[in-house]
Structures are given as C-alpha cells and as structure tokens.
Amino acid sequence: MGASGSKVRGLWPSASAAGGSGPEAPGAAGAEQALVRPRGRAVPPFVFTRRGSMFYDEDGDLAHEFYEETIVTKNGQKRAKLRRVHKNLVPQGIVKLDPPRIHVDFPVILYEM
C-alpha cells in the first residue's frame, strides 16, 4: 500500500518532500532555509473533516458493503447465496471528526513514556 502523506513540499518547519534535508543535513545552506513559510495564511496541524468510507443504498441504510440474497438451483436443490451489490450506492460524503486529528504531514513525533 502507498503512503497516505502528500508528495508536495510541507508547510511545517523541517518538512520536505525528499525527507532528511533539515538544518543538520550535510550541505544545508542555512538554518533559515529549514523553515518553510506558508503562502497566504497559516495552516493548522489539525484535520477537522474527512471523506466518508461508507455508502447509502436505495433504502437509506448506511454500511461499508451491501449484499443481496439470491436463490440458486443446483441439481434440483435450492441454495441461498449472497451477492455483493455495486449499483445504486451513494457515497457518504464529508464526515466531521470529533475530536480533530493531527495531520499526517505534521513533522512531530508523538510518543508516550
């Protein structure tokens, strides 16, 4: 699986796309280049919303996956099988996070001792 961080240059101090070009890296031009200044307004390190991973079906039910029961006749015997539904599903949309989460690209390592 791929990384969930963005591939663009970060907006926080010592964040970079190459990873490891901070002020302590050899060949750094200076400490003032280690700080990346955001263009326009400051970006908070928190994420308040995300895209929902669930879907609504025709009846208005909310779930990750939907199945329908189908009757299959094999050798004169009736069997019930579940078939996954792919059509007529509507994405959940934007979901508000409560409490807010820290952004993936925020360059601080959090740990607990």
# chains A, B, ... in the order shown; residues from 1 in each chain; ligands from 1
call {"tool": "residues_around", "arguments": {"residues": "A:Leu89", "least_positions_apart": "4", "cutoff": "8 Å", "atoms": "only C-alpha atoms", "output": "list in words"}}
result
Phe55, Tyr56, Asp57 and Glu58 of chain A
call {"tool": "residues_around", "arguments": {"residues": "stretch 92-95 of chain A", "least_positions_apart": "3", "cutoff": "6 Å", "atoms": "only C-alpha atoms", "output": "PDB file with N, CA and C atoms, in the first residue's frame"}}
result
ATOM      1  N   THR A  49     -12.193  17.379   9.055  1.00  0.00           N
ATOM      2  CA  THR A  49     -13.133  16.572   8.277  1.00  0.00           C
ATOM      3  C   THR A  49     -12.372  15.532   7.470  1.00  0.00           C
ATOM      4  N   ARG A  50     -13.085  14.519   7.029  1.00  0.00           N
ATOM      5  CA  ARG A  50     -12.512  13.500   6.152  1.00  0.00           C
ATOM      6  C   ARG A  50     -13.604  12.996   5.226  1.00  0.00           C
ATOM      7  N   ARG A  51     -13.182  12.307   4.174  1.00  0.00           N
ATOM      8  CA  ARG A  51     -14.144  11.712   3.253  1.00  0.00           C
ATOM      9  C   ARG A  51     -14.663  10.411   3.860  1.00  0.00           C
ATOM     10  N   GLY A  52     -15.954  10.229   3.880  1.00  0.00           N
ATOM     11  CA  GLY A  52     -16.556   9.034   4.463  1.00  0.00           C
ATOM     12  C   GLY A  52     -16.247   7.796   3.643  1.00  0.00           C
ATOM     13  N   MET A  54     -18.216   4.964   3.890  1.00  0.00           N
ATOM     14  CA  MET A  54     -19.416   4.137   3.800  1.00  0.00           C
ATOM     15  C   MET A  54     -20.340   4.655   2.689  1.00  0.00           C
ATOM     16  N   PHE A  55     -21.374   3.870   2.392  1.00  0.00           N
ATOM     17  CA  PHE A  55     -22.295   4.168   1.313  1.00  0.00           C
ATOM     18  C   PHE A  55     -23.736   4.032   1.798  1.00  0.00           C
TER      19      PHE A  55
END
call {"tool": "residues_around", "arguments": {"residues": "A:Tyr67", "least_positions_apart": "4", "cutoff": "9 Å", "atoms": "only C-alpha atoms", "output": "mmCIF file with N, CA and C atoms, in the first residue's frame"}}
result
data_model
loop_
_atom_site.group_PDB
_atom_site.id
_atom_site.type_symbol
_atom_site.label_atom_id
_atom_site.label_comp_id
_atom_site.auth_asym_id
_atom_site.auth_seq_id
_atom_site.Cartn_x
_atom_site.Cartn_y
_atom_site.Cartn_z
ATOM 1 N N LEU A 82 -25.175 -15.197 -1.187
ATOM 2 C CA LEU A 82 -25.093 -13.751 -1.051
ATOM 3 C C LEU A 82 -24.284 -13.186 -2.210
ATOM 4 N N ARG A 83 -24.824 -12.130 -2.840
ATOM 5 C CA ARG A 83 -24.155 -11.472 -3.947
ATOM 6 C C ARG A 83 -23.950 -10.012 -3.573
ATOM 7 N N ARG A 84 -22.751 -9.516 -3.782
ATOM 8 C CA ARG A 84 -22.433 -8.140 -3.406
ATOM 9 C C ARG A 84 -23.094 -7.156 -4.370
ATOM 10 N N VAL A 85 -23.657 -6.083 -3.809
ATOM 11 C CA VAL A 85 -24.327 -5.052 -4.599
ATOM 12 C C VAL A 85 -23.328 -3.940 -4.886
ATOM 13 N N HIS A 86 -23.200 -3.560 -6.167
ATOM 14 C CA HIS A 86 -22.293 -2.493 -6.581
ATOM 15 C C HIS A 86 -23.041 -1.293 -7.153
#
call {"tool": "atom_distance", "arguments": {"atom1": "atom CA of A:Leu97", "atom2": "atom CA of A:Glu65"}}
result
21.8 Å
call {"tool": "atom_distance", "arguments": {"atom1": "atom CA of A:Val108", "atom2": "atom CA of A:Phe46"}}
result
12.5 Å
call {"tool": "atom_distance", "arguments": {"atom1": "atom CA of A:Asn88", "atom2": "atom CA of A:Asp59"}}
result
10.2 Å
call {"tool": "closest_residue", "arguments": {"among": "A:Lys87, A:His64, A:His103, A:Lys78", "to": "A:Phe48", "atoms": "only C-alpha atoms"}}
result
A:His103
